[in-house]
Amino acid sequence: MDVKRLKSIVGGSAGNLVEWYDWYAYSSLSLVFAATFFPKGDLTAQLLGTAAVFAVGFLMRPIGAYVMGRYADTHGRKAGLALSVGLMFAGSMMIAVVPGYHSIGIAAPAILVLARMLQGLSVGGEYGASATYLSEMATRENRGFWSSFQYVTLIGGQLTALAVTLALQALLSKEDMAAWGWRIAFLIGALLALVVYVLRRRLAETQSFQNMAADRPKSGLAALWKAHPREFMLVAVISAGGSLTFYAYTTYLQKFLVNTSGFAVQTATQVMTAALIVYILAQPLFGHLADRFGRRPMLLLFGIGGMCVSVPVFSALAVEKSALAAFAIILLPLMLLSAYTSISALVKAELFPAHIRALGVALPYAIGNAAFGGTAEYVALWFKQAGFEAGFYWYVTGFLGLATIAFLMLPETKHTSLIAED
């Protein structure tokens with residue numbers, strides 16, 4: 001791989017990390033700031049409020065996917081990447097400075113919702129643009145390996161958010177953390193997003209975009225659905241099962257360890273940080289395996305394996321009191337999940353031609369992700385409040401089954417990829 005191509009992949013990945021840091025800072029710190037934006041009540045009720053706002057951000061992602069997917073197909077991948085991180089800056093800065101419920105009443109959660117809407121627009125466009133950019137920049141024989149860095153940086157953003165949380169918890173008292181300390185994390189994210197905006201403006205454009213003729217077909221929903229309805233539906237179903245599982249085992253699991261298993265907040269954060277370090281290291285390995293053995297074997301490993309372990313894993317964690325044992329249990333589903341996350345963006349990119357690739361990746365993904373990934377925490381907490389928490393374990397298992405059916409219907413994109421450039 002030439003130096004220019006490698007620099008572009010690293011540069012694009014670094015921006016992706018900042019995008020996802022800003023997105024996950026909300027979830028990582030919602031246990032701390034829930035009482036700032038919502039009236040006092042029991043912990044589950046406050047978490048339901050923050051989870052609902054989290055879901056609102058997801059509901060904006062299909063809009064962001066459509067608008068910025070078309071933008072990246074029309075104006076270039078790097079232009080889409082720059083626009084998405086600019087919106088993330090705006091959303092994170094709003095969260096950093098908005099007063100709490102005790103100061104401005106209902107306006108506080110209203111502004112929080114607006115900020116999450118901006119972040120949802122940003123991330124909705126980010127996924128398609130970055131998936132397309134990394135897939136097109138990678139060489140054919142190593143696309144699985146290099147494309148896995150989208151989730152390396154995505155998880156890296158989550159891991160960075162957790163690390164910042166740990167640092168703030170160590171440096172500040174519990175009272176200061178709840179009163180104002182959590183705002184530091186969003187301020188850091190906003191400033192990093194501003195820096196990355198400048199960097200992304202200087203990235204090289206992909207050869208796939210440059211090779212398209214000036215009179216190429218236009219990107220748009222009607223064109224996407226008319227030419228690729230099967231691929232659209234498969235990506236939406238795969239994204240629903242994959243996103244639900246991802247958020248169940250990463251974002252929500254930290255809260256599960258506190259709210260169900262009974263771990264202290266700091267202990268739960270430490271357990272998840274350690275687990276995510278292992279998880280992030282697994283992405284290039286599974287990406288390499290997909291380059292060698294194909295995409296479909298990895299996807300089926302995730303789907304079938306996930307169906308087998310979801311109920312036992314959640315059931316075991318619900319009663320586990322040892323942090324070390326919880327860490328070991330969590331690694332099992334995370335390794336299975338790695339078989340999917342390492343190549344999920346690449347598989348979707350390989351299904352669509354260049355002129356509509358960013359939109360084809362982003363929009364059906366955002367729909368499945370918003371409907372089932374974005375609501376994962378809310379559904380889990382609803383089951384818990386209803387007194388049937390195990391229902392969520394079966395809910396995850398059922399959607400893994402649907403995703404597995406979709407995996408079986410996919411072509412082996414290692415051999416049928418529509419990314420023409422080497």
# chains A, B, ... in the order shown; residues from 1 in each chain; ligands from 1
$ select_by_dssp --residues "segment 89-266 of chain A" --states "helix (DSSP H, G or I)" --output "JSON, numbers by chain"
{"A": [89, 90, 91, 92, 93, 94, 95, 96, 97, 101, 102, 103, 104, 107, 108, 109, 110, 111, 112, 113, 114, 115, 116, 117, 118, 119, 120, 121, 122, 123, 124, 125, 126, 127, 128, 129, 130, 131, 132, 133, 134, 135, 136, 137, 140, 141, 142, 143, 144, 145, 146, 147, 149, 150, 151, 152, 153, 154, 155, 156, 157, 158, 159, 160, 161, 162, 163, 164, 165, 166, 167, 168, 169, 170, 171, 174, 175, 176, 177, 178, 179, 180, 181, 182, 183, 184, 185, 186, 187, 188, 189, 190, 191, 192, 193, 194, 195, 196, 197, 198, 199, 200, 207, 208, 209, 210, 211, 221, 222, 223, 224, 225, 226, 227, 229, 230, 231, 232, 233, 234, 235, 236, 237, 238, 239, 240, 241, 242, 243, 244, 245, 246, 247, 248, 249, 251, 252, 253, 254, 255, 256, 257, 258, 259, 265, 266]}
$ closest_atom_pairs --of "segment 361-408 of chain A" --to "segment 317-321 of chain A" --cutoff "12 Å" --atoms "only C-alpha atoms" --output "tab-separated table"
residue	atom	partner	partner_atom	distance
A:Lys384	CA	A:Ala318	CA	11.6
A:Glu389	CA	A:Ala318	CA	9.6
A:Ala390	CA	A:Ala318	CA	9.6
A:Tyr393	CA	A:Ala318	CA	11.0
$ closest_residue --among "A:Ala179, A:Val278, A:Ala236, A:Leu334" --to "His102 of chain A" --atoms "only C-alpha atoms"
A:Ala179
$ closest_residue --among "A:Pro312, A:Pro364, A:Gly303, A:Pro62" --to "Met335 of chain A" --atoms "only C-alpha atoms"
A:Gly303
$ residues_around --residues "segment 136-150 of chain A" --least-positions-apart "5" --cutoff "10 Å" --atoms "only C-alpha atoms" --output "MDAnalysis selection string"
chainID A and resid 1:2 4:6 8:10 12:14 16:17 77 127 130:131 155:156 204:209 280 282:292 294:295 338 340:347 349:350 354 414 417 419:422
$ residues_around --residues "Met177 of chain A" --least-positions-apart "4" --cutoff "10 Å" --atoms "only C-alpha atoms" --output "list in words"
Leu29, Val32, Phe33, Thr165, Leu168, Gln169, Ala170, Leu171, Leu172, Ser173, Gly181, Trp182, Arg183 and Ile184 of chain A
$ closest_residue --among "A:Leu351, A:Met93, A:Ile330, A:Ala358" --to "Thr132 of chain A" --atoms "only C-alpha atoms"
A:Ala358
$ atom_distance --atom1 "atom CA of Gly128 of chain A" --atom2 "atom CA of Ile111 of chain A"
26.8 Å
$ atom_distance --atom1 "atom CA of Gly64 of chain A" --atom2 "atom CA of Gly120 of chain A"
7.0 Å
$ decode --residues "segment 279-318 of chain A" --atoms "N, CA and C atoms" --output "PDB file, in the first residue's frame"
ATOM      1  N   TYR A 279     -11.731  -5.936  22.493  1.00  0.00           N
ATOM      2  CA  TYR A 279     -12.621  -5.895  21.329  1.00  0.00           C
ATOM      3  C   TYR A 279     -12.023  -5.091  20.183  1.00  0.00           C
ATOM      4  N   ILE A 280     -11.421  -3.948  20.504  1.00  0.00           N
ATOM      5  CA  ILE A 280     -10.853  -3.106  19.453  1.00  0.00           C
ATOM      6  C   ILE A 280      -9.671  -3.801  18.777  1.00  0.00           C
ATOM      7  N   LEU A 281      -8.898  -4.553  19.545  1.00  0.00           N
ATOM      8  CA  LEU A 281      -7.758  -5.279  18.982  1.00  0.00           C
ATOM      9  C   LEU A 281      -8.191  -6.431  18.089  1.00  0.00           C
ATOM     10  N   ALA A 282      -9.404  -6.933  18.300  1.00  0.00           N
ATOM     11  CA  ALA A 282      -9.904  -8.065  17.516  1.00  0.00           C
ATOM     12  C   ALA A 282     -10.363  -7.661  16.118  1.00  0.00           C
ATOM     13  N   GLN A 283     -10.662  -6.377  15.889  1.00  0.00           N
ATOM     14  CA  GLN A 283     -11.227  -5.966  14.601  1.00  0.00           C
ATOM     15  C   GLN A 283     -10.306  -6.263  13.417  1.00  0.00           C
ATOM     16  N   PRO A 284      -9.044  -5.827  13.421  1.00  0.00           N
ATOM     17  CA  PRO A 284      -8.181  -6.136  12.267  1.00  0.00           C
ATOM     18  C   PRO A 284      -7.977  -7.631  12.060  1.00  0.00           C
ATOM     19  N   LEU A 285      -7.955  -8.398  13.159  1.00  0.00           N
ATOM     20  CA  LEU A 285      -7.804  -9.846  13.028  1.00  0.00           C
ATOM     21  C   LEU A 285      -8.962 -10.446  12.252  1.00  0.00           C
ATOM     22  N   PHE A 286     -10.183 -10.113  12.623  1.00  0.00           N
ATOM     23  CA  PHE A 286     -11.334 -10.659  11.917  1.00  0.00           C
ATOM     24  C   PHE A 286     -11.448 -10.085  10.502  1.00  0.00           C
ATOM     25  N   GLY A 287     -11.013  -8.826  10.314  1.00  0.00           N
ATOM     26  CA  GLY A 287     -10.970  -8.279   8.964  1.00  0.00           C
ATOM     27  C   GLY A 287     -10.015  -9.052   8.083  1.00  0.00           C
ATOM     28  N   HIS A 288      -8.860  -9.417   8.629  1.00  0.00           N
ATOM     29  CA  HIS A 288      -7.893 -10.236   7.892  1.00  0.00           C
ATOM     30  C   HIS A 288      -8.469 -11.614   7.571  1.00  0.00           C
ATOM     31  N   LEU A 289      -9.153 -12.217   8.520  1.00  0.00           N
ATOM     32  CA  LEU A 289      -9.774 -13.524   8.279  1.00  0.00           C
ATOM     33  C   LEU A 289     -10.807 -13.448   7.164  1.00  0.00           C
ATOM     34  N   ALA A 290     -11.536 -12.311   7.090  1.00  0.00           N
ATOM     35  CA  ALA A 290     -12.510 -12.134   6.014  1.00  0.00           C
ATOM     36  C   ALA A 290     -11.828 -12.003   4.660  1.00  0.00           C
ATOM     37  N   ASP A 291     -10.638 -11.402   4.625  1.00  0.00           N
ATOM     38  CA  ASP A 291      -9.875 -11.324   3.381  1.00  0.00           C
ATOM     39  C   ASP A 291      -9.423 -12.705   2.930  1.00  0.00           C
ATOM     40  N   ARG A 292      -9.134 -13.552   3.885  1.00  0.00           N
ATOM     41  CA  ARG A 292      -8.615 -14.881   3.543  1.00  0.00           C
ATOM     42  C   ARG A 292      -9.731 -15.882   3.252  1.00  0.00           C
ATOM     43  N   PHE A 293     -10.767 -15.902   4.090  1.00  0.00           N
ATOM     44  CA  PHE A 293     -11.788 -16.947   3.980  1.00  0.00           C
ATOM     45  C   PHE A 293     -13.117 -16.461   3.408  1.00  0.00           C
ATOM     46  N   GLY A 294     -13.290 -15.157   3.247  1.00  0.00           N
ATOM     47  CA  GLY A 294     -14.535 -14.633   2.714  1.00  0.00           C
ATOM     48  C   GLY A 294     -15.353 -13.916   3.767  1.00  0.00           C
ATOM     49  N   ARG A 295     -16.312 -13.103   3.294  1.00  0.00           N
ATOM     50  CA  ARG A 295     -17.148 -12.318   4.205  1.00  0.00           C
ATOM     51  C   ARG A 295     -18.224 -13.171   4.875  1.00  0.00           C
ATOM     52  N   ARG A 296     -18.849 -14.061   4.109  1.00  0.00           N
ATOM     53  CA  ARG A 296     -20.003 -14.794   4.628  1.00  0.00           C
ATOM     54  C   ARG A 296     -19.671 -15.689   5.824  1.00  0.00           C
ATOM     55  N   PRO A 297     -18.549 -16.428   5.843  1.00  0.00           N
ATOM     56  CA  PRO A 297     -18.250 -17.232   7.032  1.00  0.00           C
ATOM     57  C   PRO A 297     -18.169 -16.408   8.318  1.00  0.00           C
ATOM     58  N   MET A 298     -17.624 -15.207   8.224  1.00  0.00           N
ATOM     59  CA  MET A 298     -17.539 -14.343   9.404  1.00  0.00           C
ATOM     60  C   MET A 298     -18.929 -13.893   9.855  1.00  0.00           C
ATOM     61  N   LEU A 299     -19.767 -13.528   8.893  1.00  0.00           N
ATOM     62  CA  LEU A 299     -21.110 -13.082   9.227  1.00  0.00           C
ATOM     63  C   LEU A 299     -21.929 -14.190   9.871  1.00  0.00           C
ATOM     64  N   LEU A 300     -21.805 -15.404   9.352  1.00  0.00           N
ATOM     65  CA  LEU A 300     -22.554 -16.529   9.920  1.00  0.00           C
ATOM     66  C   LEU A 300     -22.028 -16.914  11.302  1.00  0.00           C
ATOM     67  N   LEU A 301     -20.734 -16.769  11.515  1.00  0.00           N
ATOM     68  CA  LEU A 301     -20.181 -17.012  12.845  1.00  0.00           C
ATOM     69  C   LEU A 301     -20.831 -16.076  13.852  1.00  0.00           C
ATOM     70  N   PHE A 302     -20.959 -14.826  13.495  1.00  0.00           N
ATOM     71  CA  PHE A 302     -21.613 -13.859  14.371  1.00  0.00           C
ATOM     72  C   PHE A 302     -23.083 -14.192  14.584  1.00  0.00           C
ATOM     73  N   GLY A 303     -23.812 -14.423  13.508  1.00  0.00           N
ATOM     74  CA  GLY A 303     -25.249 -14.628  13.617  1.00  0.00           C
ATOM     75  C   GLY A 303     -25.619 -15.876  14.410  1.00  0.00           C
ATOM     76  N   ILE A 304     -25.046 -16.998  14.030  1.00  0.00           N
ATOM     77  CA  ILE A 304     -25.381 -18.262  14.698  1.00  0.00           C
ATOM     78  C   ILE A 304     -24.811 -18.293  16.112  1.00  0.00           C
ATOM     79  N   GLY A 305     -23.566 -17.858  16.249  1.00  0.00           N
ATOM     80  CA  GLY A 305     -22.959 -17.831  17.579  1.00  0.00           C
ATOM     81  C   GLY A 305     -23.687 -16.897  18.519  1.00  0.00           C
ATOM     82  N   GLY A 306     -24.088 -15.719  18.009  1.00  0.00           N
ATOM     83  CA  GLY A 306     -24.807 -14.763  18.838  1.00  0.00           C
ATOM     84  C   GLY A 306     -26.143 -15.302  19.317  1.00  0.00           C
ATOM     85  N   MET A 307     -26.849 -16.018  18.467  1.00  0.00           N
ATOM     86  CA  MET A 307     -28.127 -16.615  18.876  1.00  0.00           C
ATOM     87  C   MET A 307     -27.929 -17.616  20.009  1.00  0.00           C
ATOM     88  N   CYS A 308     -26.822 -18.321  19.959  1.00  0.00           N
ATOM     89  CA  CYS A 308     -26.565 -19.363  20.966  1.00  0.00           C
ATOM     90  C   CYS A 308     -26.194 -18.790  22.336  1.00  0.00           C
ATOM     91  N   VAL A 309     -25.527 -17.626  22.363  1.00  0.00           N
ATOM     92  CA  VAL A 309     -24.962 -17.160  23.632  1.00  0.00           C
ATOM     93  C   VAL A 309     -25.706 -16.001  24.282  1.00  0.00           C
ATOM     94  N   SER A 310     -26.600 -15.309  23.566  1.00  0.00           N
ATOM     95  CA  SER A 310     -27.177 -14.077  24.108  1.00  0.00           C
ATOM     96  C   SER A 310     -27.935 -14.294  25.411  1.00  0.00           C
ATOM     97  N   VAL A 311     -28.853 -15.249  25.433  1.00  0.00           N
ATOM     98  CA  VAL A 311     -29.619 -15.491  26.660  1.00  0.00           C
ATOM     99  C   VAL A 311     -28.720 -15.974  27.798  1.00  0.00           C
ATOM    100  N   PRO A 312     -27.834 -16.948  27.579  1.00  0.00           N
ATOM    101  CA  PRO A 312     -26.948 -17.376  28.669  1.00  0.00           C
ATOM    102  C   PRO A 312     -26.029 -16.260  29.192  1.00  0.00           C
ATOM    103  N   VAL A 313     -25.523 -15.412  28.293  1.00  0.00           N
ATOM    104  CA  VAL A 313     -24.593 -14.360  28.715  1.00  0.00           C
ATOM    105  C   VAL A 313     -25.299 -13.334  29.591  1.00  0.00           C
ATOM    106  N   PHE A 314     -26.432 -12.809  29.151  1.00  0.00           N
ATOM    107  CA  PHE A 314     -27.154 -11.830  29.950  1.00  0.00           C
ATOM    108  C   PHE A 314     -27.633 -12.439  31.271  1.00  0.00           C
ATOM    109  N   SER A 315     -28.081 -13.674  31.227  1.00  0.00           N
ATOM    110  CA  SER A 315     -28.561 -14.339  32.444  1.00  0.00           C
ATOM    111  C   SER A 315     -27.437 -14.491  33.460  1.00  0.00           C
ATOM    112  N   ALA A 316     -26.244 -14.839  32.973  1.00  0.00           N
ATOM    113  CA  ALA A 316     -25.101 -15.005  33.871  1.00  0.00           C
ATOM    114  C   ALA A 316     -24.651 -13.666  34.446  1.00  0.00           C
ATOM    115  N   LEU A 317     -24.608 -12.635  33.605  1.00  0.00           N
ATOM    116  CA  LEU A 317     -24.185 -11.323  34.078  1.00  0.00           C
ATOM    117  C   LEU A 317     -25.158 -10.725  35.088  1.00  0.00           C
ATOM    118  N   ALA A 318     -26.424 -11.055  34.966  1.00  0.00           N
ATOM    119  CA  ALA A 318     -27.443 -10.482  35.858  1.00  0.00           C
ATOM    120  C   ALA A 318     -27.194 -10.834  37.316  1.00  0.00           C
TER     121      ALA A 318
END
